[in-house]
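K.L.:
Data file protein-v9.cif (mmCIF, C-alpha atoms and all ligand atoms) is appended below.
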```cif
data_run
loop_
_atom_site.label_atom_id
_atom_site.label_comp_id
_atom_site.auth_asym_id
_atom_site.auth_seq_id
_atom_site.Cartn_x
_atom_site.Cartn_y
_atom_site.Cartn_z
CA MET D 28 103.03 -23.40 -31.45
CA GLU D 29 105.02 -20.20 -31.88
CA ASP D 30 105.73 -18.04 -28.86
CA TYR D 31 102.97 -15.46 -28.61
CA ARG D 32 103.82 -14.19 -25.12
CA GLN D 33 104.89 -10.79 -26.35
CA LEU D 34 101.62 -10.41 -28.22
CA TRP D 35 99.59 -11.56 -25.21
CA SER D 36 101.31 -9.13 -22.87
CA GLU D 37 100.63 -6.32 -25.33
CA LEU D 38 96.97 -7.29 -24.99
CA ALA D 39 97.28 -6.81 -21.20
CA MET D 40 96.61 -10.47 -20.52
CA ASP D 41 97.27 -12.20 -17.22
CA LEU D 42 99.97 -14.53 -18.56
CA GLU D 43 100.26 -16.72 -15.51
CA ARG D 44 96.56 -17.52 -15.37
CA HIS D 45 96.45 -17.89 -19.13
CA ASP D 46 99.20 -20.52 -18.87
CA ARG D 47 97.00 -22.45 -16.47
CA LEU D 48 94.05 -22.25 -18.87
CA MET D 49 96.09 -23.41 -21.84
CA ALA D 50 97.85 -26.21 -19.96
CA ALA D 51 94.65 -28.27 -19.81
CA LEU D 52 93.60 -27.94 -23.46
CA PRO D 53 95.98 -30.32 -25.31
CA ALA D 54 95.13 -33.33 -23.10
CA VAL D 55 91.39 -32.65 -23.31
CA TYR D 56 91.56 -32.18 -27.08
CA ARG D 57 93.56 -35.37 -27.50
CA GLU D 58 91.07 -37.37 -25.45
CA VAL D 59 87.95 -35.92 -27.05
CA PHE D 60 89.04 -35.64 -30.69
CA LEU D 61 92.31 -37.31 -31.57
CA THR D 62 91.36 -40.72 -30.18
CA GLN D 63 88.41 -40.99 -32.60
CA PRO D 64 88.95 -43.73 -35.20
CA ASP D 65 89.01 -42.97 -38.92
CA ARG D 66 88.64 -39.19 -38.75
CA PRO D 67 88.39 -37.41 -42.12
CA ALA D 68 91.82 -36.21 -43.25
CA ALA D 69 90.45 -32.69 -43.84
CA MET D 70 89.92 -32.35 -40.07
CA HIS D 71 93.66 -31.70 -39.94
CA TYR D 72 93.06 -28.01 -40.62
CA PHE D 73 90.63 -27.77 -37.69
CA ASN D 74 93.17 -29.52 -35.43
CA LEU D 75 95.66 -26.83 -36.41
CA VAL D 76 93.16 -24.08 -35.64
CA ILE D 77 92.75 -25.48 -32.13
CA ALA D 78 96.50 -25.95 -31.67
CA GLU D 79 96.82 -22.26 -32.58
CA ILE D 80 93.62 -21.20 -30.82
CA HIS D 81 95.19 -18.25 -28.98
CA GLY D 82 97.96 -17.71 -31.50
CA LEU D 83 97.61 -17.38 -35.24
CA ARG D 84 94.17 -15.77 -35.36
CA ILE D 85 95.10 -13.40 -32.52
CA ALA D 86 98.18 -12.34 -34.51
CA GLU D 87 95.88 -11.69 -37.50
CA LEU D 88 93.59 -9.56 -35.34
CA ALA D 89 96.61 -7.63 -34.03
CA ALA D 90 97.88 -7.00 -37.57
CA HIS D 91 94.41 -5.78 -38.56
CA ARG D 92 94.30 -3.40 -35.59
CA GLU D 93 97.79 -2.11 -36.28
CA LYS D 94 96.53 -0.93 -39.65
CA GLY D 95 93.68 0.89 -37.91
CA GLY D 96 91.08 -1.88 -38.35
CA LYS D 97 88.54 -2.61 -35.64
CA VAL D 98 87.53 -5.89 -34.01
CA PHE D 99 83.96 -6.51 -32.84
CA GLY D 100 83.11 -9.22 -30.30
CA THR D 101 79.69 -10.85 -30.53
CA PHE D 102 77.63 -13.18 -28.33
CA CYS D 103 74.64 -14.03 -30.45
CA VAL D 104 73.80 -15.23 -33.96
CA TYR D 105 71.43 -12.24 -34.23
CA VAL D 106 74.35 -9.85 -34.76
CA PRO D 107 74.75 -9.30 -38.54
CA VAL D 108 78.44 -9.89 -39.13
CA GLU D 109 78.09 -8.83 -42.78
CA ILE D 110 77.71 -5.20 -41.68
CA ILE D 111 80.83 -5.34 -39.52
CA ARG D 112 82.89 -6.76 -42.37
CA ALA D 113 81.43 -4.40 -44.95
CA ALA D 114 82.86 -1.52 -42.89
CA GLY D 115 86.27 -3.19 -42.82
CA GLY D 116 85.89 -4.67 -39.33
CA ILE D 117 86.42 -8.23 -38.12
CA ALA D 118 83.77 -10.06 -36.10
CA VAL D 119 84.65 -12.71 -33.54
CA GLY D 120 82.25 -14.81 -31.49
CA LEU D 121 83.04 -14.48 -27.78
CA CYS D 122 80.62 -16.89 -26.18
CA SER D 123 82.67 -18.81 -23.68
CA GLY D 124 82.36 -22.53 -23.11
CA SER D 125 84.92 -23.20 -20.39
CA GLN D 126 84.41 -23.85 -16.68
CA PHE D 127 87.79 -22.12 -16.13
CA TRP D 128 86.09 -18.73 -16.45
CA VAL D 129 82.97 -19.42 -14.39
CA PRO D 130 84.33 -18.67 -10.86
CA GLU D 131 85.67 -15.30 -12.04
CA GLY D 132 82.28 -14.48 -13.55
CA GLU D 133 80.61 -15.41 -10.27
CA LYS D 134 82.52 -12.62 -8.55
CA VAL D 135 80.31 -10.08 -10.30
CA LEU D 136 77.24 -12.13 -11.26
CA PRO D 137 74.85 -14.33 -9.26
CA ARG D 138 75.76 -18.02 -9.11
CA ALA D 139 72.23 -18.90 -10.26
CA LEU D 140 72.93 -17.73 -13.80
CA CYS D 141 73.67 -19.53 -17.05
CA PRO D 142 77.34 -20.69 -17.25
CA LEU D 143 77.68 -19.18 -20.71
CA ILE D 144 77.13 -15.68 -19.35
CA LYS D 145 79.28 -16.23 -16.27
CA ALA D 146 82.12 -17.62 -18.38
CA ALA D 147 81.88 -14.74 -20.86
CA LEU D 148 82.31 -12.14 -18.13
CA GLY D 149 84.86 -14.29 -16.32
CA ALA D 150 86.95 -14.45 -19.50
CA ARG D 151 87.05 -10.66 -19.62
CA LEU D 152 87.62 -10.09 -15.91
CA SER D 153 90.42 -12.64 -15.69
CA ARG D 154 92.10 -11.20 -18.81
CA THR D 155 92.76 -14.71 -20.09
CA CYS D 156 90.89 -14.60 -23.40
CA PRO D 157 92.97 -12.93 -26.12
CA TYR D 158 89.88 -12.62 -28.34
CA PHE D 159 88.13 -10.51 -25.72
CA GLN D 160 91.32 -8.51 -25.16
CA SER D 161 91.53 -7.86 -28.93
CA CYS D 162 88.02 -6.41 -29.19
CA ASP D 163 87.60 -2.68 -29.65
CA ILE D 164 83.93 -3.09 -28.83
CA VAL D 165 81.62 -5.92 -27.85
CA VAL D 166 78.08 -6.17 -29.17
CA GLY D 167 75.46 -7.43 -26.76
CA GLU D 168 71.75 -7.96 -27.38
CA THR D 169 68.53 -7.94 -25.41
CA THR D 170 67.79 -11.64 -25.77
CA CYS D 171 67.52 -13.44 -22.44
CA ASP D 172 67.26 -11.50 -19.17
CA GLY D 173 70.60 -12.82 -17.94
CA LYS D 174 72.55 -11.47 -20.91
CA LYS D 175 70.54 -8.26 -21.03
CA LYS D 176 71.52 -7.38 -17.47
CA ALA D 177 75.07 -8.73 -17.72
CA TRP D 178 75.92 -6.10 -20.36
CA GLU D 179 75.50 -3.45 -17.67
CA VAL D 180 78.20 -5.17 -15.61
CA LEU D 181 80.43 -5.80 -18.61
CA ASN D 182 80.13 -2.14 -19.52
CA GLU D 183 82.23 -1.31 -16.45
CA TYR D 184 85.15 -3.20 -18.02
CA HIS D 185 84.71 -2.94 -21.76
CA HIS D 186 83.15 -0.80 -24.46
CA VAL D 187 79.73 -2.37 -25.04
CA TYR D 188 77.01 -1.67 -27.60
CA VAL D 189 73.64 -3.36 -27.16
CA MET D 190 71.27 -4.25 -29.99
CA GLU D 191 67.64 -4.31 -28.99
CA LEU D 192 65.76 -7.39 -30.13
CA PRO D 193 61.98 -7.53 -30.18
CA GLN D 194 60.32 -10.30 -28.19
CA MET D 195 57.67 -11.31 -30.72
CA LYS D 196 57.68 -11.94 -34.45
CA GLY D 197 54.84 -9.86 -35.86
CA ASN D 198 55.16 -7.30 -38.67
CA ARG D 199 55.58 -4.47 -36.18
CA ASP D 200 58.47 -6.37 -34.59
CA LEU D 201 60.11 -6.95 -37.95
CA GLU D 202 59.89 -3.22 -38.77
CA PHE D 203 61.49 -2.47 -35.40
CA TRP D 204 64.27 -4.96 -36.09
CA VAL D 205 64.95 -3.49 -39.56
CA GLU D 206 65.43 -0.13 -37.86
CA GLU D 207 67.67 -1.67 -35.20
CA VAL D 208 69.87 -3.32 -37.85
CA ASP D 209 70.20 0.05 -39.58
CA LEU D 210 71.13 1.73 -36.28
CA PHE D 211 73.78 -0.95 -35.87
CA ARG D 212 75.07 -0.10 -39.36
CA GLN D 213 75.44 3.51 -38.25
CA LYS D 214 77.24 2.48 -35.06
CA VAL D 215 79.63 0.26 -36.99
CA GLU D 216 80.37 3.14 -39.39
CA GLU D 217 81.07 5.42 -36.43
CA ILE D 218 83.44 2.91 -34.76
CA THR D 219 85.33 1.99 -37.93
CA GLY D 220 85.24 5.41 -39.57
CA ASN D 221 84.23 3.64 -42.79
CA GLN D 222 80.99 3.83 -44.70
CA VAL D 223 79.02 0.69 -45.50
CA THR D 224 78.45 0.91 -49.25
CA PRO D 225 75.94 -1.28 -51.13
CA GLU D 226 78.85 -2.79 -53.12
CA ARG D 227 80.80 -3.82 -50.01
CA LEU D 228 77.70 -5.07 -48.25
CA ALA D 229 76.71 -7.15 -51.27
CA GLU D 230 80.17 -8.77 -51.21
CA GLU D 231 79.88 -9.59 -47.51
CA ILE D 232 76.36 -10.96 -47.83
CA ASN D 233 77.65 -13.23 -50.55
CA ARG D 234 80.70 -14.22 -48.46
CA GLN D 235 78.63 -15.19 -45.42
CA ASN D 236 76.08 -17.02 -47.58
CA ARG D 237 78.92 -19.12 -49.03
CA LEU D 238 80.00 -19.97 -45.49
CA ARG D 239 76.42 -20.87 -44.59
CA ARG D 240 76.07 -23.08 -47.66
CA ALA D 241 79.30 -24.95 -46.84
CA LEU D 242 77.90 -25.75 -43.39
CA GLN D 243 74.52 -26.70 -44.83
CA ARG D 244 76.26 -29.20 -47.11
CA LEU D 245 78.30 -30.57 -44.20
CA TYR D 246 75.17 -31.10 -42.12
CA ALA D 247 73.28 -32.66 -45.04
CA LEU D 248 76.01 -35.33 -45.30
CA ARG D 249 75.45 -36.26 -41.67
CA THR D 250 72.04 -37.60 -42.64
CA ALA D 251 73.77 -40.61 -44.28
CA ASP D 252 73.77 -43.94 -42.47
CA PRO D 253 76.50 -44.46 -41.43
CA PRO D 254 77.40 -40.75 -41.05
CA PRO D 255 80.80 -39.89 -42.55
CA ILE D 256 81.80 -37.62 -39.64
CA SER D 257 81.28 -37.69 -35.90
CA GLY D 258 79.01 -35.22 -34.14
CA LYS D 259 82.00 -33.96 -32.18
CA ASP D 260 83.93 -33.07 -35.31
CA ALA D 261 80.91 -31.41 -36.94
CA LEU D 262 80.33 -29.37 -33.77
CA LEU D 263 83.97 -28.34 -33.70
CA VAL D 264 83.80 -27.10 -37.29
CA THR D 265 80.76 -24.96 -36.51
CA GLN D 266 82.32 -23.56 -33.35
CA ILE D 267 85.39 -22.52 -35.33
CA ALA D 268 83.19 -20.69 -37.88
CA PHE D 269 82.55 -18.01 -35.26
CA TYR D 270 86.09 -16.69 -35.17
CA ASP D 271 88.12 -17.97 -38.11
CA ASP D 272 88.79 -15.96 -41.25
CA PRO D 273 85.56 -16.57 -43.24
CA ASP D 274 87.16 -17.30 -46.63
CA ARG D 275 89.75 -19.66 -45.20
CA PHE D 276 87.08 -21.36 -43.10
CA THR D 277 84.75 -21.84 -46.07
CA ALA D 278 87.54 -23.22 -48.26
CA HIS D 279 88.54 -25.79 -45.64
CA THR D 280 84.95 -26.73 -44.88
CA GLU D 281 84.33 -27.26 -48.60
CA ARG D 282 87.40 -29.47 -48.74
CA LEU D 283 86.00 -31.47 -45.83
CA VAL D 284 82.62 -31.72 -47.58
CA THR D 285 84.27 -33.11 -50.75
CA GLU D 286 86.02 -35.77 -48.69
CA LEU D 287 82.80 -36.63 -46.88
CA GLU D 288 80.91 -36.93 -50.17
CA GLU D 289 83.44 -39.55 -51.28
CA ARG D 290 82.98 -41.37 -47.99
CA VAL D 291 79.21 -41.38 -48.35
CA ASN D 292 79.48 -42.64 -51.95
CA GLY D 293 81.65 -45.49 -50.69
CA SER D 294 79.31 -46.12 -47.69
CA ARG D 295 82.21 -45.38 -45.37
CA GLY D 296 81.19 -44.05 -41.99
CA VAL D 297 82.83 -43.21 -38.70
CA VAL D 298 80.53 -45.64 -36.89
CA PRO D 299 78.99 -48.97 -37.99
CA PRO D 300 75.65 -48.74 -39.87
CA GLY D 301 72.72 -48.90 -37.48
CA THR D 302 74.53 -47.04 -34.65
CA PRO D 303 71.89 -45.12 -32.63
CA ARG D 304 71.49 -41.63 -34.09
CA LEU D 305 70.67 -38.66 -31.91
CA LEU D 306 69.62 -35.12 -32.63
CA VAL D 307 70.64 -32.51 -30.05
CA THR D 308 68.44 -29.47 -29.51
CA GLY D 309 68.62 -26.59 -27.06
CA THR D 310 71.16 -24.06 -25.89
CA PRO D 311 74.39 -23.29 -27.75
CA MET D 312 77.71 -25.05 -27.05
CA ALA D 313 80.50 -22.51 -27.18
CA ILE D 314 84.08 -23.68 -27.64
CA PRO D 315 85.49 -25.70 -25.75
CA ASN D 316 82.18 -27.14 -24.59
CA TRP D 317 82.23 -30.65 -26.07
CA LYS D 318 80.84 -32.31 -22.94
CA LEU D 319 77.52 -33.71 -24.15
CA HIS D 320 78.76 -34.87 -27.57
CA HIS D 321 81.69 -36.65 -25.96
CA LEU D 322 79.44 -38.43 -23.49
CA VAL D 323 76.99 -39.48 -26.20
CA GLU D 324 79.62 -40.66 -28.64
CA THR D 325 81.62 -42.60 -26.06
CA ALA D 326 78.38 -44.29 -24.96
CA GLY D 327 77.97 -45.89 -28.40
CA ALA D 328 75.71 -43.44 -30.23
CA VAL D 329 76.39 -40.74 -32.81
CA VAL D 330 75.12 -37.17 -32.92
CA VAL D 331 73.71 -36.48 -36.40
CA GLY D 332 72.56 -32.88 -36.00
CA GLU D 333 72.18 -29.91 -33.67
CA GLU D 334 69.20 -27.62 -33.58
CA THR D 335 71.16 -24.99 -31.66
CA CYS D 336 72.93 -21.70 -32.36
CA THR D 337 76.17 -23.65 -32.71
CA GLY D 338 74.29 -25.81 -35.21
CA THR D 339 71.54 -25.25 -37.74
CA ARG D 340 70.25 -21.96 -36.30
CA PHE D 341 73.57 -20.40 -37.21
CA PHE D 342 73.47 -21.13 -40.92
CA ALA D 343 69.96 -22.23 -41.94
CA SER D 344 68.69 -18.92 -43.31
CA GLU D 345 70.61 -17.29 -46.10
CA VAL D 346 70.34 -13.57 -46.77
CA GLU D 347 68.62 -12.71 -50.03
CA GLU D 348 71.17 -11.41 -52.52
CA GLY D 349 70.60 -8.83 -55.23
CA ALA D 350 68.91 -6.01 -53.31
CA GLY D 351 70.21 -2.98 -55.20
CA SER D 352 70.10 -0.35 -52.46
CA LEU D 353 71.55 -0.19 -48.99
CA LYS D 354 68.02 0.11 -47.63
CA GLY D 355 66.99 -3.07 -49.42
CA GLN D 356 70.07 -4.92 -48.18
CA ILE D 357 69.45 -3.90 -44.56
CA ARG D 358 65.89 -5.19 -44.89
CA ALA D 359 67.11 -8.45 -46.44
CA LEU D 360 69.59 -8.91 -43.59
CA ALA D 361 66.97 -8.14 -40.95
CA ARG D 362 64.47 -10.57 -42.50
CA ALA D 363 66.98 -13.43 -42.67
CA TYR D 364 68.28 -12.99 -39.12
CA PHE D 365 64.73 -12.66 -37.84
CA LYS D 366 64.05 -16.23 -38.96
CA THR D 367 66.29 -17.57 -36.18
CA ASN D 368 63.94 -19.31 -33.78
CA CYS D 369 65.39 -18.47 -30.37
CA ALA D 370 63.54 -19.25 -27.14
CA CYS D 371 63.86 -15.58 -26.20
CA PHE D 372 60.87 -14.96 -28.52
CA THR D 373 57.25 -15.64 -27.69
CA PRO D 374 55.64 -17.62 -29.13
CA ASN D 375 58.43 -19.64 -30.70
CA SER D 376 56.46 -22.55 -32.12
CA ARG D 377 58.40 -22.55 -35.39
CA ARG D 378 61.31 -24.02 -33.45
CA ILE D 379 59.19 -27.14 -32.88
CA GLU D 380 58.63 -27.42 -36.63
CA ASP D 381 62.40 -27.07 -37.14
CA ILE D 382 63.09 -29.86 -34.64
CA LEU D 383 60.53 -32.22 -36.18
CA ASP D 384 61.86 -31.51 -39.64
CA LEU D 385 65.43 -32.22 -38.49
CA VAL D 386 64.46 -35.47 -36.77
CA GLU D 387 63.03 -36.61 -40.07
CA ARG D 388 65.90 -35.39 -42.24
CA THR D 389 68.67 -36.74 -40.00
CA ARG D 390 66.76 -39.99 -39.42
CA ALA D 391 67.37 -39.57 -35.70
CA ASP D 392 66.26 -42.36 -33.37
CA GLY D 393 65.88 -39.93 -30.50
CA VAL D 394 66.44 -36.39 -29.30
CA ILE D 395 68.51 -34.99 -26.47
CA TYR D 396 67.17 -31.70 -25.16
CA TYR D 397 70.28 -29.93 -23.93
CA ASN D 398 69.73 -27.11 -21.48
CA LEU D 399 72.43 -25.04 -19.86
CA GLN D 400 71.61 -24.64 -16.19
CA PHE D 401 69.49 -21.58 -15.43
CA CYS D 402 68.57 -20.94 -19.06
CA GLN D 403 64.89 -20.33 -18.47
CA GLY D 404 63.72 -19.71 -22.03
CA TYR D 405 64.88 -23.05 -23.38
CA ALA D 406 63.90 -24.86 -20.16
CA VAL D 407 60.32 -23.60 -20.40
CA GLU D 408 60.12 -24.52 -24.08
CA TYR D 409 60.93 -28.13 -23.22
CA HIS D 410 57.30 -28.71 -22.29
CA ALA D 411 56.00 -27.99 -25.80
CA VAL D 412 58.90 -29.72 -27.56
CA GLU D 413 58.49 -32.87 -25.46
CA LYS D 414 54.76 -32.91 -26.16
CA ALA D 415 55.28 -32.60 -29.93
CA LEU D 416 57.95 -35.32 -29.96
CA LYS D 417 55.96 -37.71 -27.79
CA ALA D 418 52.92 -37.27 -30.02
CA ARG D 419 55.06 -38.70 -32.83
CA ASN D 420 56.62 -41.43 -30.67
CA ILE D 421 60.05 -39.81 -30.83
CA PRO D 422 61.98 -40.53 -27.62
CA VAL D 423 63.48 -37.50 -25.89
CA LEU D 424 65.92 -37.13 -23.01
CA TRP D 425 66.12 -33.93 -20.95
CA VAL D 426 69.70 -33.01 -19.98
CA GLU D 427 70.33 -29.97 -17.85
CA THR D 428 73.97 -29.33 -17.07
CA ASP D 429 76.74 -26.77 -16.72
CA TYR D 430 80.41 -26.73 -17.73
CA SER D 431 81.72 -28.62 -14.70
CA GLU D 432 82.55 -32.32 -14.68
CA GLU D 433 80.64 -32.96 -11.47
CA ASP D 434 77.65 -34.64 -13.10
CA THR D 435 79.58 -36.62 -15.72
CA ALA D 436 79.04 -40.04 -14.14
CA GLN D 437 75.36 -39.41 -13.61
CA LEU D 438 74.90 -38.15 -17.18
CA GLN D 439 76.76 -41.16 -18.53
CA LEU D 440 74.30 -43.47 -16.77
CA ARG D 441 71.26 -41.57 -18.00
CA ILE D 442 72.52 -41.46 -21.59
CA LYS D 443 73.30 -45.19 -21.54
CA ALA D 444 69.83 -45.96 -20.16
CA PHE D 445 68.30 -43.79 -22.89
CA LEU D 446 70.25 -45.64 -25.58
CA GLU D 447 69.17 -48.98 -24.19
CA MET D 448 65.58 -47.82 -24.33
CA LEU D 449 66.03 -46.89 -28.02
CA GLY D 450 66.89 -50.54 -28.55
S1 LIG D 501 69.69 -16.56 -30.81
S2 LIG D 501 70.10 -19.03 -28.18
S3 LIG D 501 72.86 -17.17 -29.50
S4 LIG D 501 70.35 -15.58 -27.46
S5 LIG D 501 72.88 -16.89 -22.60
S6 LIG D 501 69.64 -17.76 -23.94
S7 LIG D 501 71.92 -20.30 -22.93
S8 LIG D 501 70.44 -18.18 -20.51
S9 LIG D 501 72.76 -18.00 -25.90
FE1 LIG D 501 71.57 -17.45 -27.61
FE2 LIG D 501 71.24 -15.61 -29.53
FE3 LIG D 501 69.17 -17.03 -28.66
FE4 LIG D 501 71.00 -18.20 -30.09
FE5 LIG D 501 70.01 -19.31 -22.39
FE6 LIG D 501 72.38 -18.70 -21.44
FE7 LIG D 501 70.71 -16.78 -22.22
FE8 LIG D 501 71.81 -18.29 -24.02
#
```
Please lay out the structure from this file as structure tokens.
P.N.:
Amino acid sequence: MEDYRQLWSELAMDLERHDRLMAALPAVYREVFLTQPDRPAAMHYFNLVIAEIHGLRIAELAAHREKGGKVFGTFCVYVPVEIIRAAGGIAVGLCSGSQFWVPEGEKVLPRALCPLIKAALGARLSRTCPYFQSCDIVVGETTCDGKKKAWEVLNEYHHVYVMELPQMKGNRDLEFWVEEVDLFRQKVEEITGNQVTPERLAEEINRQNRLRRALQRLYALRTADPPPISGKDALLVTQIAFYDDPDRFTAHTERLVTELEERVNGSRGVVPPGTPRLLVTGTPMAIPNWKLHHLVETAGAVVVGEETCTGTRFFASEVEEGAGSLKGQIRALARAYFKTNCACFTPNSRRIEDILDLVERTRADGVIYYNLQFCQGYAVEYHAVEKALKARNIPVLWVETDYSEEDTAQLQLRIKAFLEMLG
């Protein structure tokens, strides 16, 4: 990797601490990803992205900002990135998946809070995330209570804009959300100094739809038995979608899809046919959170899908193209994003339909319900999901965890016992 220290110091990063963060990554990545047998050749690009995780893309963001462009940080799949890009901005996902940032976050937040939120604030406070340091503004949302209140704390350290999400999904709520998306458009125009025109927005809607379709195709190929790609690699690809250049990402994902199609046609998989297949559902897994997938796939099973926001919820609903006016496009965006079935809404029964549908499509033998510690919304929803799965004789395992390694041995045992039960 090139030397980016000059760039990092210009971003006011704490270089010493950042060195400590980066020192651990190569060994972890090697163990989790590079030891997998028969990986698709097209994964090479995604290896490079990780090798350059705090380098190449950060240099691109810096070049963009030098020309007067703005960078927007996001934490939720409800933030319409098309609007940011249509105004000439760049959107990067900032959700943080590393334990490294949690203790710093705990200095300003209660310990009894979801690790994703603590790590996000810890990344900013410790000045060790160059993506955060590159953001001119971060966009929060009123989803779960933890995030909603954490923006107030983050606001002391960074420019924050908060989108208000409704809590239900009636017509009144949709109308409110349409208005909120339009207010966001106005905010983005103010920050960037550029107008969002219908022509530019149409281009960006099309661009993001292409990205969504590439991921849809990738996930559809995982339904094959044997699957042509591991769950870990598929998760990695989706995680990278949140911050890579969208065109480059789509092109490389399409290349991967072509290779996987050939594998499926030749019945070539990354695991033997008949390997236990698991669907993961629950809270998102932000990079570099590969903990559950690694445990599952080293225990002799394969993850064939994720009903999460770093899985199908991110790309399942495309935005309708062809609305002629800006007003129509804003409505189309709002409608598509509103289809995301997050546990922050009540009721959220369509998520159960999504899970059942995915179990069928991926031919999963069982489901792992993954809950980040202290995430109440998803934890409470477990009751209804478990009931629906049990009614159809679909085995389900509840896993509540954080980013630490403390419970690894215990989780390993539970996952192995679950796999034995699947037969
Ligand atoms: S649309 S899932 S990305 S809010 S931060 S809710 S894990 S306690 S991330 Fe999310 Fe948007 Fe919903 Fe998806 Fe729980 Fe933690 Fe809250 Fe979380």
K.L.:
For each of D:Pro130, D:Pro193, D:Pro64, D:Gly301, take the minimum atom-to-atom distance to ligand LIG 501 (chain D), counting all atoms listed in the file, then give the residue where this is smallest.
P.N.:
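Of D:Pro130, D:Pro193, D:Pro64, D:Gly301, the one nearest ligand LIG 501 (chain D) is D:Pro193, counting all atoms listed in the file.
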K.L.:
Hey, which residues sit close to ligand LIG 501 (chain D)? Say within 8 Å, counting all atoms listed in the file, and write them as an MDAnalysis selection string.
P.N.:
chainID D and resid 102:105 122 140:144 168 170:174 309:311 335:337 340:341 367:371 398:405
K.L.:
With distances taken over all atoms listed in the file, which of D:Asp429, D:Glu43, D:Glu58, D:Glu447 is nearest to Val129 of chain D?
P.N.:
D:Asp429
K.L.:
Could you check the closest approach to Glu109 of chain D for each of D:Val284, D:Ala359, D:Ala69, D:Val423 and tell me which residue wins, using all atoms listed in the file?
P.N.:
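Selected residue with least distance to Glu109 of chain D: D:Ala359.
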K.L.:
Counting only C-alpha atoms, select every polymer residue within 8 Å of (70.7, -31.9, -28.7) as defined in the file's coordinates, and provide the selection as a list in words.
P.N.:
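So the residues meeting the distance criterion are Leu305, Leu306, Val307, Thr308, Gly309, Gly332, Glu333, Glu334, Thr335, Val394, Ile395, Tyr396 and Tyr397 of chain D.
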K.L.:
For Phe127 of chain D, which of D:Tyr184, D:Phe372, D:Tyr430, D:Phe203 is the closest residue, counting all atoms listed in the file?
P.N.:
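Distance minimum relative to Phe127 of chain D lands on D:Tyr430.
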K.L.:
Would you compute the distance between atom CA of Gly258 of chain D and atom CA of Glu288 of chain D? Give it in Å to one decimal.
P.N.:
16.2 Å
K.L.:
Just to confirm, what's the straight-line distance from atom CA of Gly450 of chain D to atom CA of Ala391 of chain D in Å (one decimal)?
P.N.:
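Rounded to one decimal, the two atoms are 13.1 Å apart.
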K.L.:
Could you name the residues that touch segment 260-272 of chain D at 9 Å or less, counting only C-alpha atoms, but leaving out those on the same chain fewer than 3 positions away, as a VMD selection string?
P.N.:
chain D and resid 60 66 70 73 76 to 77 84 117 to 121 158 238 242 245 to 246 249 256 to 257 275 to 277 280 312 to 315 317 320 331 to 333 337 to 338 341
K.L.:
Using all atoms listed in the file, can you list as a PyMOL selection string the residues within 9 Å of (81.9, -12.3, -14.6)?
P.N.:
chain D and resi 128-136+144-153+177+180-181
K.L.:
Please return the centre and edge lengths, in Å to one decimal, of a box with edges along x, y and z that contains all listed atoms of segment 145-161 of chain D, widened by 3 Å on every side, as lines of an AutoDock Vina configuration file.
P.N.:
```
center_x = 86.1
center_y = -12.7
center_z = -22.3
size_x = 19.7
size_y = 15.8
size_z = 19.2
```
K.L.:
Extract, using only C-alpha atoms, all DNA, RNA and protein residues at most 12 Å from Pro299 of chain D, discarding same-chain residues fewer than 5 positions from it, and format them as a PyMOL selection string.
P.N.:
chain D and resi 64-65+251-257+294+304+327-329
K.L.:
What gap, in Å, lies between atom CA of Gln356 of chain D and atom CA of Ala343 of chain D?
P.N.:
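Calculated distance between atom CA of Gln356 of chain D and atom CA of Ala343 of chain D is 18.4 Å.
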K.L.:
With a distance cut-off of 10 Å and all atoms listed in the file, select the neighbouring residues of Lys318 of chain D, excluding the residue or stretch itself and same-chain residues fewer than 5 positions from it, and output the selection as number ranges by chain.
P.N.:
D: 59, 124, 259, 312, 323, 428-432, 435
K.L.:
Rank D:Ala68, D:Val98, D:Ala86, D:Ile110 by their smallest atom-to-atom distance to His279 of chain D, using only C-alpha atoms, and report the top residue only.
P.N.:
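Once distances to His279 of chain D are computed over only C-alpha atoms, the minimum belongs to D:Ala68.
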K.L.:
Identify which of the residues D:Glu286, D:Ile421, D:Glu230, D:Tyr364 lies closest to Glu348 of chain D, counting all atoms listed in the file when measuring atom-to-atom distances.
P.N.:
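Under the stated criterion, the closest residue is D:Glu230.
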K.L.:
Using only C-alpha atoms, which residues sit within 9 Å of Leu319 of chain D once same-chain residues fewer than 5 positions away are excluded, as a PDB file with C-alpha atoms, keeping the file's coordinate frame?
P.N.:
```pdb
ATOM      1  CA  GLU D 324      79.620 -40.660 -28.640  1.00  0.00           C
ATOM      2  CA  TYR D 397      70.280 -29.930 -23.930  1.00  0.00           C
ATOM      3  CA  VAL D 426      69.700 -33.010 -19.980  1.00  0.00           C
ATOM      4  CA  LEU D 438      74.900 -38.150 -17.180  1.00  0.00           C
TER       5      LEU D 438
END
```
